[in-house]
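Trainee: This is input_29.csv (CSV, C-alpha atoms).
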```csv
chain,number,residue,atom,x,y,z
E,1201,MET,CA,0.0,0.0,0.0
E,1202,LEU,CA,1.4,3.4,-1.0
E,1203,ILE,CA,1.0,6.1,1.6
E,1204,CYS,CA,1.4,9.7,0.5
E,1205,VAL,CA,2.7,12.1,3.2
E,1206,PRO,CA,1.8,15.7,2.6
E,1207,VAL,CA,4.9,17.8,2.3
E,1208,SER,CA,5.4,21.6,2.3
E,1209,ILE,CA,8.2,23.1,0.4
E,1210,ARG,CA,9.7,26.5,1.4
E,1211,ILE,CA,12.1,28.4,-0.8
E,1212,ARG,CA,14.5,30.6,1.1
E,1213,GLN,CA,17.9,32.3,0.7
E,1214,ALA,CA,20.8,30.1,1.5
E,1215,ILE,CA,22.9,31.1,4.5
E,1216,PRO,CA,26.5,30.2,5.4
E,1217,ASP,CA,25.3,27.7,8.0
E,1218,ASP,CA,23.8,25.7,5.1
E,1219,ILE,CA,27.2,25.1,3.4
E,1220,PRO,CA,27.9,21.6,5.0
E,1221,ALA,CA,24.4,20.4,4.0
E,1222,LEU,CA,24.8,21.9,0.5
E,1223,ARG,CA,28.1,20.1,0.0
E,1224,GLU,CA,26.4,16.8,0.9
E,1225,LEU,CA,23.4,17.6,-1.3
E,1226,ILE,CA,25.6,18.4,-4.3
E,1227,ASP,CA,27.6,15.2,-3.9
E,1228,VAL,CA,24.5,12.9,-3.7
E,1229,SER,CA,22.7,14.8,-6.5
E,1230,VAL,CA,25.6,14.5,-9.0
E,1231,ARG,CA,26.3,10.9,-8.1
E,1232,GLY,CA,22.6,10.0,-8.2
E,1233,LEU,CA,21.2,11.9,-11.1
E,1234,GLN,CA,24.0,12.4,-13.6
E,1235,THR,CA,25.1,8.8,-14.2
E,1236,ARG,CA,23.1,8.4,-17.4
E,1237,ASP,CA,24.9,11.4,-19.0
E,1238,TYR,CA,28.4,11.3,-17.7
E,1239,ALA,CA,31.0,8.5,-17.0
E,1240,ALA,CA,32.0,7.8,-13.4
E,1241,ALA,CA,35.5,9.4,-14.1
E,1242,GLN,CA,33.9,12.6,-15.3
E,1243,ILE,CA,31.6,12.8,-12.3
E,1244,GLU,CA,34.4,12.2,-9.8
E,1245,ASN,CA,36.7,14.7,-11.5
E,1246,ALA,CA,33.9,17.3,-11.8
E,1247,LEU,CA,33.1,16.9,-8.1
E,1248,LYS,CA,36.7,17.8,-7.3
E,1249,THR,CA,37.1,20.7,-9.7
E,1250,VAL,CA,33.8,22.2,-11.1
E,1251,TYR,CA,30.9,21.2,-8.9
E,1252,GLY,CA,30.6,22.6,-5.4
E,1253,VAL,CA,29.2,25.3,-3.2
E,1254,ASP,CA,29.8,28.9,-4.6
E,1255,SER,CA,30.0,30.9,-1.4
E,1256,GLN,CA,29.9,34.1,-3.4
E,1257,LEU,CA,26.3,33.4,-4.5
E,1258,ILE,CA,25.4,32.9,-0.8
E,1259,ALA,CA,27.2,36.2,0.2
E,1260,ASP,CA,25.4,38.0,-2.7
E,1261,GLY,CA,22.0,36.7,-1.4
E,1262,THR,CA,21.3,35.0,-4.8
E,1263,TYR,CA,21.4,31.4,-3.8
E,1264,PHE,CA,18.2,29.6,-2.7
E,1265,VAL,CA,17.4,26.3,-1.0
E,1266,ALA,CA,14.2,24.3,-1.1
E,1267,GLU,CA,13.4,23.1,2.4
E,1268,ALA,CA,11.0,20.1,2.5
E,1269,LYS,CA,9.0,19.6,5.7
E,1270,SER,CA,6.4,16.8,6.2
E,1271,ALA,CA,3.1,17.8,7.6
E,1272,GLU,CA,3.5,15.5,10.5
E,1273,GLY,CA,7.0,16.5,11.7
E,1274,ASN,CA,9.0,19.5,12.6
E,1275,ASP,CA,12.2,18.3,10.8
E,1276,SER,CA,13.0,19.8,7.5
E,1277,VAL,CA,15.6,18.8,4.9
E,1278,ILE,CA,17.2,20.7,2.1
E,1279,ALA,CA,15.8,18.9,-0.9
E,1280,GLY,CA,17.3,21.2,-3.6
E,1281,CYS,CA,19.3,24.3,-4.3
E,1282,GLY,CA,20.1,26.7,-7.1
E,1283,GLY,CA,20.7,30.4,-7.7
E,1284,TRP,CA,21.4,33.2,-10.1
E,1285,SER,CA,24.3,35.5,-10.3
E,1286,LYS,CA,25.0,39.1,-11.1
E,1287,ARG,CA,28.7,38.1,-11.8
E,1288,GLN,CA,30.4,36.9,-14.9
E,1289,THR,CA,31.1,33.3,-13.8
E,1290,LEU,CA,28.9,30.9,-15.7
E,1291,TYR,CA,29.6,27.8,-13.6
E,1292,GLY,CA,31.8,26.4,-10.9
E,1293,GLY,CA,32.0,26.3,-7.1
E,1294,ASP,CA,34.5,27.9,-4.8
E,1295,HIS,CA,37.4,25.6,-6.0
E,1296,TRP,CA,36.8,26.3,-9.7
E,1297,THR,CA,39.8,28.1,-11.2
E,1298,GLY,CA,37.9,29.8,-14.0
E,1299,ARG,CA,35.9,32.2,-11.8
E,1300,GLN,CA,35.2,35.7,-13.0
E,1301,ASP,CA,33.6,37.7,-10.2
E,1302,ALA,CA,33.2,41.0,-12.0
E,1303,LEU,CA,29.7,42.4,-11.8
E,1304,LEU,CA,27.4,42.3,-14.8
E,1305,ASP,CA,25.4,45.2,-16.2
E,1306,PRO,CA,21.7,44.3,-16.2
E,1307,LEU,CA,21.1,46.6,-19.2
E,1308,CYS,CA,23.3,44.7,-21.5
E,1309,ASP,CA,24.3,41.4,-19.8
E,1310,ALA,CA,22.4,38.2,-19.0
E,1311,ALA,CA,22.1,37.1,-15.3
E,1312,LYS,CA,23.7,33.7,-14.8
E,1313,ILE,CA,21.5,30.8,-13.6
E,1314,ARG,CA,23.8,28.7,-11.5
E,1315,ALA,CA,24.4,25.6,-9.5
E,1316,PHE,CA,21.1,23.7,-9.5
E,1317,PHE,CA,21.1,20.5,-7.6
E,1318,THR,CA,18.2,18.3,-6.3
E,1319,HIS,CA,18.4,15.3,-4.0
E,1320,PRO,CA,17.5,12.2,-6.0
E,1321,ALA,CA,14.8,11.4,-3.5
E,1322,TRP,CA,13.1,14.7,-4.4
E,1323,ALA,CA,13.7,14.7,-8.1
E,1324,ARG,CA,10.8,15.3,-10.5
E,1325,ARG,CA,8.6,16.9,-7.8
E,1326,GLY,CA,8.8,20.5,-9.0
E,1327,ILE,CA,11.5,21.6,-6.7
E,1328,GLY,CA,13.8,22.7,-9.5
E,1329,GLY,CA,11.0,24.7,-11.1
E,1330,LEU,CA,10.2,26.5,-7.8
E,1331,ILE,CA,13.9,27.4,-7.4
E,1332,LEU,CA,14.2,28.6,-11.0
E,1333,GLU,CA,11.1,30.7,-10.7
E,1334,SER,CA,12.5,32.3,-7.5
E,1335,CYS,CA,15.8,33.0,-9.3
E,1336,GLU,CA,14.2,34.5,-12.4
E,1337,THR,CA,11.9,36.7,-10.3
E,1338,ALA,CA,14.8,38.0,-8.2
E,1339,ALA,CA,17.0,38.6,-11.3
E,1340,ARG,CA,14.2,40.5,-13.0
E,1341,SER,CA,13.8,42.6,-9.8
E,1342,ALA,CA,17.5,43.4,-10.1
E,1343,GLY,CA,16.9,44.7,-13.7
E,1344,PHE,CA,17.9,41.7,-15.8
E,1345,THR,CA,15.8,40.7,-18.8
E,1346,ARG,CA,18.0,37.9,-20.1
E,1347,PHE,CA,19.3,34.7,-18.4
E,1348,GLU,CA,22.0,32.3,-19.4
E,1349,MET,CA,23.5,29.2,-17.9
E,1350,GLY,CA,26.0,26.4,-18.5
E,1351,ALA,CA,23.6,23.4,-18.2
E,1352,THR,CA,24.7,19.9,-17.6
E,1353,LEU,CA,23.4,17.4,-20.1
E,1354,THR,CA,21.1,16.1,-17.3
E,1355,GLY,CA,19.6,19.5,-16.9
E,1356,VAL,CA,19.1,20.4,-20.6
E,1357,PRO,CA,15.6,18.8,-21.0
E,1358,PHE,CA,14.3,20.6,-17.8
E,1359,TYR,CA,15.6,24.0,-19.0
E,1360,ARG,CA,14.1,23.5,-22.5
E,1361,VAL,CA,10.7,23.0,-20.9
E,1362,LYS,CA,11.3,26.2,-18.9
E,1363,GLY,CA,11.8,28.2,-22.1
E,1364,TYR,CA,15.6,28.1,-22.4
E,1365,VAL,CA,17.2,27.6,-25.8
E,1366,GLU,CA,20.6,26.0,-26.6
E,1367,LEU,CA,23.3,28.4,-27.8
E,1368,GLU,CA,26.4,26.3,-27.9
E,1369,HIS,CA,27.9,23.1,-26.7
E,1370,LEU,CA,31.0,23.5,-24.5
E,1371,GLU,CA,33.6,21.1,-23.0
E,1372,VAL,CA,34.8,22.0,-19.5
E,1373,ALA,CA,38.4,20.8,-19.1
E,1374,LEU,CA,38.9,18.3,-16.2
E,1375,ALA,CA,42.0,16.6,-14.9
E,1376,ASP,CA,43.5,13.5,-16.6
E,1377,GLY,CA,42.6,14.8,-20.0
E,1378,LEU,CA,38.9,14.4,-19.4
E,1379,SER,CA,36.2,17.0,-20.2
E,1380,LEU,CA,32.6,17.6,-19.0
E,1381,PRO,CA,30.2,18.4,-21.8
E,1382,ILE,CA,27.8,21.2,-20.9
E,1383,VAL,CA,25.4,23.3,-22.9
E,1384,ARG,CA,25.2,27.1,-22.8
E,1385,MET,CA,21.5,28.0,-22.8
E,1386,ALA,CA,19.6,31.3,-22.6
E,1387,LYS,CA,16.2,32.8,-22.1
E,1388,GLN,CA,14.8,36.3,-22.9
E,1389,VAL,CA,12.0,37.7,-20.8
```
Take the structure in the file and give it back as structure tokens.

Mentor:
Amino acid sequence: MLICVPVSIRIRQAIPDDIPALRELIDVSVRGLQTRDYAAAQIENALKTVYGVDSQLIADGTYFVAEAKSAEGNDSVIAGCGGWSKRQTLYGGDHWTGRQDALLDPLCDAAKIRAFFTHPAWARRGIGGLILESCETAARSAGFTRFEMGATLTGVPFYRVKGYVELEHLEVALADGLSLPIVRMAKQV
């Protein structure tokens, strides 16, 4: 017998105290959801160099978490995360060497949609959509009318449904001569 437990989802800004939980979420998300699109060596390499918490997004107040809380308990869990940026960096966490932290001009630049991860147990329940809506709304409030991202192959179908179009295919260099294919996508509002 299947029992459905009502759950409430709350989107809020991430805070520095969330970083340990976010690190854990990113690890389990990548290992659990990206295995159809990337080889194990690519995943492990990307977790060491590309994927990770971007504390600049948290400091800027542009990173969100989705807290899931069951109707019967007081405990909540971070089920997903994602953000937008007013900085030039298209992808990568704190340890990514290709960071470009210069500020963007909302009149001529696109806000960057960044670092979306969902716990596999919460995948395909609308959490990514709620976070994306929060990001787009906040970026529009900051004056941006265009958005772009470096989407993983796993994320491309989701972003297409949300109105993003593919601009170009990129290869992010990893260690050991490997690369991580991503797709630069954009949306105009």

Trainee: With a distance cut-off of 8 Å and all atoms listed in the file, select the neighbouring residues of E:Ile1382, excluding the residue or stretch itself and same-chain residues fewer than 3 positions from it, and output the selection as a ChimeraX atom specification.

Mentor: /E:1350-1353,1369-1372

Trainee: How many Å separate atom CA of E:Ser1379 from atom CA of E:Val1228?

Mentor: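 Separating atom CA of E:Ser1379 from atom CA of E:Val1228 is a distance of 20.6 Å.
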
Trainee: Using only C-alpha atoms, which residue out of E:Val1250, E:Leu1303, E:Cys1281, E:Leu1225 lies closest to E:Leu1332?

Mentor: E:Cys1281

Trainee: At a cut-off of 9 Å, using only C-alpha atoms, what residues contact E:Ile1226? Leave out same-chain residues fewer than 5 positions from it and give the result as a PDB file with C-alpha atoms, keeping the file's coordinate frame.

Mentor:
```pdb
ATOM      1  CA  ALA E1221      24.400  20.400   4.000  1.00  0.00           C
ATOM      2  CA  ARG E1231      26.300  10.900  -8.100  1.00  0.00           C
ATOM      3  CA  LEU E1247      33.100  16.900  -8.100  1.00  0.00           C
ATOM      4  CA  TYR E1251      30.900  21.200  -8.900  1.00  0.00           C
ATOM      5  CA  GLY E1252      30.600  22.600  -5.400  1.00  0.00           C
ATOM      6  CA  VAL E1253      29.200  25.300  -3.200  1.00  0.00           C
ATOM      7  CA  GLY E1280      17.300  21.200  -3.600  1.00  0.00           C
ATOM      8  CA  CYS E1281      19.300  24.300  -4.300  1.00  0.00           C
ATOM      9  CA  ALA E1315      24.400  25.600  -9.500  1.00  0.00           C
ATOM     10  CA  PHE E1316      21.100  23.700  -9.500  1.00  0.00           C
ATOM     11  CA  PHE E1317      21.100  20.500  -7.600  1.00  0.00           C
ATOM     12  CA  THR E1318      18.200  18.300  -6.300  1.00  0.00           C
ATOM     13  CA  HIS E1319      18.400  15.300  -4.000  1.00  0.00           C
TER      14      HIS E1319
END
```

Trainee: Taking only C-alpha atoms into account, which of E:Ala1310, E:Ile1278, E:Leu1233, E:Val1383 comes nearest E:Ser1208?

Mentor: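 Closest to E:Ser1208 of all the choices is E:Ile1278.
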
Trainee: So, counting only C-alpha atoms, which residue among E:Pro1320, E:Ala1339, E:Ile1331, E:Arg1210 is closest to E:Gln1234?

Mentor: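 Of the candidates, the smallest distance to E:Gln1234 is held by E:Pro1320.
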